[in-house]
Amino acid sequence: MTMMGGGASWGMLRSIRDADKLRGRTVGRETTRRILAFARPYRRDIVVFLVTVVVSAAIGVATPVLAGDVINTITRGGPDAAGAVVRIALFIAGLAVADALLSLAQRWYSARIGEGIILDLRTLVYDHVQRMPLQFFTRTQTGALVSRLNNDVQGAQRAFTSTLSGVVSNVIQLALTAAVMFTLSWQITALSLALLPVFIIPARRVGKRLAEITRESYALDAKMNATMTERFGVSGALLVKLFGRPSVEAQRFGERAERVRDIGVQSAMYSRTFFVAMLLVASLAQALTYGLGGWLAVTGAVTAGTVVTLALLLTRLYGPLTALSNVRVDVMSALVSFDRVFEVLDLRPGIAERPGAADLPAGAARLEFRDVHFRYPAADEVSLASLEDVVTLDRTPGDPVLRGVSFTVEPGQLVALVGPSGAGKSTTSMLVPRIYDVTDGSVLVGGVDVRDATLGSLRDAIGVVTQDAHLFHETIAENLRYARPGATDDELWAALRGAQVEDLVRALPDGLGTVVGERGYRFSGGEKQRLAIARLLLKAPSIVILDEATAHLDSESEAAVQRALAVALRGRTALVIAHRLSTVREADQILVLDGGRIVERGRHEQLVRTGGLYAELYRTQFAVADSPGPPFTTDDGPVVVPVPVYPPEP
């Protein structure tokens, strides 16, 4: 008969293994208070859960005592012995049934509490992360962030299930078992406890070595996961094929996998050594119990039933003792998991809606920048060292990106932002939908400072098409309805028609139900851009921002996208970031940015005649040949987008 179940012994080994990892970690009172706040909605379930744990622990101690009574009744004999044995046996059976029902109740309440807390934490963290500034995502390791929503949330869950129930159950069981054993025979009890260090001390040494190889295994697993994530993505797989390196990649992966295999063998042997040692000590302890107990029974100091009771209780003594010897590690593991989740929740969202924020006026289409200054926040303002896998975060404030930018875009106008790389063009466009907030100055939409507008109305008024049109690994219909969830199929087809991509989608076997693939890689660059434009048409914003939407397209794709843009921009205010200057020659105003400042402004012909930076960029681009076609071309010829050509729609 073993001292404790495999689950309890493995839990102890895991605690020993985690002890080094937690050394030096502390959790403050504030963390404990916040944990209790999460538990408050489940307090009734927790109380019922703990009651079942206590009763089950009491039954666990009562059963060996009753088994001893059976032996004593048999040895005493007498006319009523048979009936007494049957009655005790039936009572033991009743306790077994009760314990089984309590076990089911414990599991139900444990699952209800644990899964409820996981739901609360995951949804809270996910919602919070969605509100973080874009720079947070550019700095953070995606795998580390996902781990917070999975591993750490599950670790936090254990605080209210296995850790809490284990502590309560072990304390009750240990107290009752020790009290009964000392009452029956203090000599046997003391001798049995004397073997405890023989088990714990070697176990700790095994645990330390297991911790070392486990950490190495985790590191190798992380590297293999990162390798697979990068190489299995479309871009990574294409790069491997283009450079003809599949065999090299397989060899590198195989070397890491071989080390993981070796660690697995070592881990299995260390674990088996631990369990063999546990079983050996169990056998020695029971041998001592039967030897000393048998001698005392023969001499008449104790009864035979007492020896049996003590032997059975011994199995319920070592388990709680060894588990409670590591209770601090178990509790700290759970608390540290909570602490790591709270680290993310305590990061301040970059964009927040002000109290009393008002909706933008209906159809707000005037855009104005007033002396806008901007710098990107320092790393310690938007990220965590643990999510970037660095020791400390850089606290140095970023250099100014925009320095006193002022301009106005009237309703229906098209204004282009041009300039060398790093001039601040994309940053300027990201301030309009509040992807970032200005450091100084203000951005106004429809005469309202964007910081005073509700985020919902701001997002509804502004549509953006970037140079890398992202599509989720979902159907075409689901990707389009991301802009307007309630859109009908007819409205989807109308948007696709306006984006010059209806025929393509209708030719697909599944039509709107076609899954686009990861990041939309089942479609060409031009097709993805037109799907993104269809999504924008479905949203029907009053202001459109195009961030180099045709920068990486071939001539034919660019012409198709330009035709779609002609429809998308009709009657709307447009802010266009242009890489190819041919696409902005008909703009109402061109703003030339350099070093975060507007250094030139005017129409195309005027700026070319001036001979400044714009003229230099223009001559550089068209020294060999002009763009393949006029901007925003339709079947009827060149299209000029501003209001004089397309009056605003009512």
# chains A, B, ... in the order shown; residues from 1 in each chain; ligands from 1
$ select_by_dssp --residues "region 70-198 of chain A" --states "alpha helix (DSSP H)" --output "PDB file with C-alpha atoms, in the first residue's frame"
ATOM      1  CA  VAL A  70     -13.642  -4.561  12.075  1.00  0.00           C
ATOM      2  CA  ILE A  71     -10.393  -6.349  13.017  1.00  0.00           C
ATOM      3  CA  ASN A  72     -10.964  -5.776  16.733  1.00  0.00           C
ATOM      4  CA  THR A  73     -14.547  -7.037  16.511  1.00  0.00           C
ATOM      5  CA  ILE A  74     -13.378 -10.178  14.718  1.00  0.00           C
ATOM      6  CA  THR A  75     -10.603 -10.881  17.244  1.00  0.00           C
ATOM      7  CA  ARG A  76     -12.904 -10.349  20.230  1.00  0.00           C
ATOM      8  CA  ALA A  81     -19.539 -10.132  16.321  1.00  0.00           C
ATOM      9  CA  ALA A  82     -20.868 -11.125  12.903  1.00  0.00           C
ATOM     10  CA  GLY A  83     -23.690  -8.565  13.018  1.00  0.00           C
ATOM     11  CA  ALA A  84     -21.328  -5.863  14.249  1.00  0.00           C
ATOM     12  CA  VAL A  85     -18.857  -6.557  11.438  1.00  0.00           C
ATOM     13  CA  VAL A  86     -21.651  -6.374   8.855  1.00  0.00           C
ATOM     14  CA  ARG A  87     -22.912  -3.099  10.315  1.00  0.00           C
ATOM     15  CA  ILE A  88     -19.443  -1.561  10.294  1.00  0.00           C
ATOM     16  CA  ALA A  89     -18.852  -2.812   6.748  1.00  0.00           C
ATOM     17  CA  LEU A  90     -22.147  -1.278   5.616  1.00  0.00           C
ATOM     18  CA  PHE A  91     -21.182   1.998   7.288  1.00  0.00           C
ATOM     19  CA  ILE A  92     -17.816   1.937   5.499  1.00  0.00           C
ATOM     20  CA  ALA A  93     -19.668   1.295   2.234  1.00  0.00           C
ATOM     21  CA  GLY A  94     -21.986   4.225   2.981  1.00  0.00           C
ATOM     22  CA  LEU A  95     -18.988   6.483   3.621  1.00  0.00           C
ATOM     23  CA  ALA A  96     -17.443   5.299   0.345  1.00  0.00           C
ATOM     24  CA  VAL A  97     -20.620   6.220  -1.542  1.00  0.00           C
ATOM     25  CA  ALA A  98     -20.772   9.575   0.239  1.00  0.00           C
ATOM     26  CA  ASP A  99     -17.110  10.234  -0.551  1.00  0.00           C
ATOM     27  CA  ALA A 100     -17.709   9.400  -4.222  1.00  0.00           C
ATOM     28  CA  LEU A 101     -20.624  11.849  -4.364  1.00  0.00           C
ATOM     29  CA  LEU A 102     -18.549  14.472  -2.574  1.00  0.00           C
ATOM     30  CA  SER A 103     -15.769  13.918  -5.104  1.00  0.00           C
ATOM     31  CA  LEU A 104     -18.204  14.617  -7.943  1.00  0.00           C
ATOM     32  CA  ALA A 105     -19.484  17.708  -6.141  1.00  0.00           C
ATOM     33  CA  GLN A 106     -15.928  18.911  -5.576  1.00  0.00           C
ATOM     34  CA  ARG A 107     -15.090  18.470  -9.245  1.00  0.00           C
ATOM     35  CA  TRP A 108     -18.222  20.328 -10.328  1.00  0.00           C
ATOM     36  CA  TYR A 109     -17.623  23.274  -8.021  1.00  0.00           C
ATOM     37  CA  SER A 110     -13.898  23.250  -8.814  1.00  0.00           C
ATOM     38  CA  ALA A 111     -14.625  23.392 -12.538  1.00  0.00           C
ATOM     39  CA  ARG A 112     -17.306  26.045 -12.080  1.00  0.00           C
ATOM     40  CA  ILE A 113     -15.009  28.282 -10.025  1.00  0.00           C
ATOM     41  CA  GLY A 114     -11.869  27.645 -12.050  1.00  0.00           C
ATOM     42  CA  GLU A 115     -13.406  27.995 -15.507  1.00  0.00           C
ATOM     43  CA  GLY A 116     -15.351  31.055 -14.365  1.00  0.00           C
ATOM     44  CA  ILE A 117     -12.171  32.761 -13.201  1.00  0.00           C
ATOM     45  CA  ILE A 118     -10.399  31.802 -16.450  1.00  0.00           C
ATOM     46  CA  LEU A 119     -13.291  33.333 -18.411  1.00  0.00           C
ATOM     47  CA  ASP A 120     -13.204  36.544 -16.369  1.00  0.00           C
ATOM     48  CA  LEU A 121      -9.431  36.925 -16.574  1.00  0.00           C
ATOM     49  CA  ARG A 122      -9.098  36.036 -20.249  1.00  0.00           C
ATOM     50  CA  THR A 123     -11.860  38.338 -21.426  1.00  0.00           C
ATOM     51  CA  LEU A 124     -10.550  41.167 -19.246  1.00  0.00           C
ATOM     52  CA  VAL A 125      -6.964  40.774 -20.471  1.00  0.00           C
ATOM     53  CA  TYR A 126      -8.029  40.347 -24.116  1.00  0.00           C
ATOM     54  CA  ASP A 127     -10.208  43.457 -23.979  1.00  0.00           C
ATOM     55  CA  HIS A 128      -7.425  45.422 -22.282  1.00  0.00           C
ATOM     56  CA  VAL A 129      -4.773  44.335 -24.788  1.00  0.00           C
ATOM     57  CA  GLN A 130      -7.021  45.432 -27.665  1.00  0.00           C
ATOM     58  CA  LEU A 134       0.063  50.131 -31.653  1.00  0.00           C
ATOM     59  CA  GLN A 135       3.629  50.511 -30.381  1.00  0.00           C
ATOM     60  CA  PHE A 136       2.849  47.925 -27.694  1.00  0.00           C
ATOM     61  CA  PHE A 137       2.308  45.309 -30.417  1.00  0.00           C
ATOM     62  CA  THR A 138       5.425  46.309 -32.357  1.00  0.00           C
ATOM     63  CA  ARG A 139       7.585  45.778 -29.246  1.00  0.00           C
ATOM     64  CA  THR A 142       3.382  37.686 -29.527  1.00  0.00           C
ATOM     65  CA  GLY A 143       4.132  34.297 -27.957  1.00  0.00           C
ATOM     66  CA  ALA A 144       4.868  35.890 -24.567  1.00  0.00           C
ATOM     67  CA  LEU A 145       1.602  37.815 -24.703  1.00  0.00           C
ATOM     68  CA  VAL A 146      -0.404  34.728 -25.661  1.00  0.00           C
ATOM     69  CA  SER A 147       1.253  32.900 -22.759  1.00  0.00           C
ATOM     70  CA  VAL A 153      -4.361  32.587 -16.455  1.00  0.00           C
ATOM     71  CA  GLN A 154      -4.491  28.837 -15.860  1.00  0.00           C
ATOM     72  CA  GLY A 155      -1.850  29.191 -13.150  1.00  0.00           C
ATOM     73  CA  ALA A 156      -4.012  31.832 -11.494  1.00  0.00           C
ATOM     74  CA  GLN A 157      -6.991  29.487 -11.714  1.00  0.00           C
ATOM     75  CA  ARG A 158      -5.117  26.896  -9.638  1.00  0.00           C
ATOM     76  CA  SER A 162      -6.044  22.682  -6.582  1.00  0.00           C
ATOM     77  CA  THR A 163      -4.019  24.989  -4.309  1.00  0.00           C
ATOM     78  CA  LEU A 164      -6.898  26.155  -2.125  1.00  0.00           C
ATOM     79  CA  SER A 165      -8.535  22.739  -1.879  1.00  0.00           C
ATOM     80  CA  GLY A 166      -5.159  21.062  -1.372  1.00  0.00           C
ATOM     81  CA  VAL A 167      -4.181  23.311   1.523  1.00  0.00           C
ATOM     82  CA  VAL A 168      -7.537  22.967   3.295  1.00  0.00           C
ATOM     83  CA  SER A 169      -7.799  19.233   2.682  1.00  0.00           C
ATOM     84  CA  ASN A 170      -4.220  18.528   3.725  1.00  0.00           C
ATOM     85  CA  VAL A 171      -4.458  20.623   6.899  1.00  0.00           C
ATOM     86  CA  ILE A 172      -7.705  18.934   7.988  1.00  0.00           C
ATOM     87  CA  GLN A 173      -6.467  15.472   7.044  1.00  0.00           C
ATOM     88  CA  LEU A 174      -3.102  15.975   8.723  1.00  0.00           C
ATOM     89  CA  ALA A 175      -4.626  17.296  11.940  1.00  0.00           C
ATOM     90  CA  LEU A 176      -7.210  14.515  12.207  1.00  0.00           C
ATOM     91  CA  THR A 177      -4.767  11.770  11.190  1.00  0.00           C
ATOM     92  CA  ALA A 178      -2.027  12.886  13.566  1.00  0.00           C
ATOM     93  CA  ALA A 179      -4.497  13.246  16.450  1.00  0.00           C
ATOM     94  CA  VAL A 180      -5.945   9.762  15.910  1.00  0.00           C
ATOM     95  CA  MET A 181      -2.519   8.149  15.429  1.00  0.00           C
ATOM     96  CA  PHE A 182      -1.019   9.711  18.557  1.00  0.00           C
ATOM     97  CA  THR A 183      -4.103   8.691  20.490  1.00  0.00           C
ATOM     98  CA  LEU A 184      -3.735   5.088  19.328  1.00  0.00           C
ATOM     99  CA  TRP A 186       2.505   7.674  20.053  1.00  0.00           C
ATOM    100  CA  GLN A 187       5.471   5.298  19.714  1.00  0.00           C
ATOM    101  CA  ILE A 188       4.484   4.002  16.261  1.00  0.00           C
ATOM    102  CA  THR A 189       3.534   7.487  15.107  1.00  0.00           C
ATOM    103  CA  ALA A 190       6.877   9.005  16.163  1.00  0.00           C
ATOM    104  CA  LEU A 191       8.840   6.186  14.513  1.00  0.00           C
ATOM    105  CA  SER A 192       6.894   6.596  11.274  1.00  0.00           C
ATOM    106  CA  LEU A 193       7.531  10.346  11.172  1.00  0.00           C
ATOM    107  CA  LEU A 196      10.032  11.613   6.592  1.00  0.00           C
ATOM    108  CA  PRO A 197      13.414  13.398   6.120  1.00  0.00           C
ATOM    109  CA  VAL A 198      14.762  10.280   4.388  1.00  0.00           C
TER     110      VAL A 198
END
$ closest_atom_pairs --of "region 448-529 of chain A" --to "region 329-352 of chain A" --cutoff "12 Å" --atoms "only C-alpha atoms" --output "tab-separated table"
residue	atom	partner	partner_atom	distance
A:Val450	CA	A:Ile351	CA	11.0
A:Arg451	CA	A:Ala352	CA	8.5
A:Asp452	CA	A:Ala352	CA	10.3
A:Ala453	CA	A:Ala352	CA	10.6
A:Thr454	CA	A:Ala352	CA	9.5
A:Leu455	CA	A:Ala352	CA	8.3
A:Gly456	CA	A:Ala352	CA	11.7
$ atom_distance --atom1 "CA of Tyr614 (chain A)" --atom2 "CA of Ile598 (chain A)"
11.4 Å
$ atom_distance --atom1 "CA of Leu538 (chain A)" --atom2 "CA of Arg585 (chain A)"
27.4 Å
$ atom_distance --atom1 "CA of Val260 (chain A)" --atom2 "CA of Glu216 (chain A)"
8.5 Å
$ closest_residue --among "A:Gln500, A:Ser524, A:Thr31, A:Thr466" --to "Asp547 (chain A)" --atoms "only C-alpha atoms"
A:Thr466
$ residues_around --residues "region 420-425 of chain A" --least-positions-apart "4" --cutoff "8 Å" --atoms "only C-alpha atoms" --output "ChimeraX atom specification"
/A:401-402,429,577,593-597
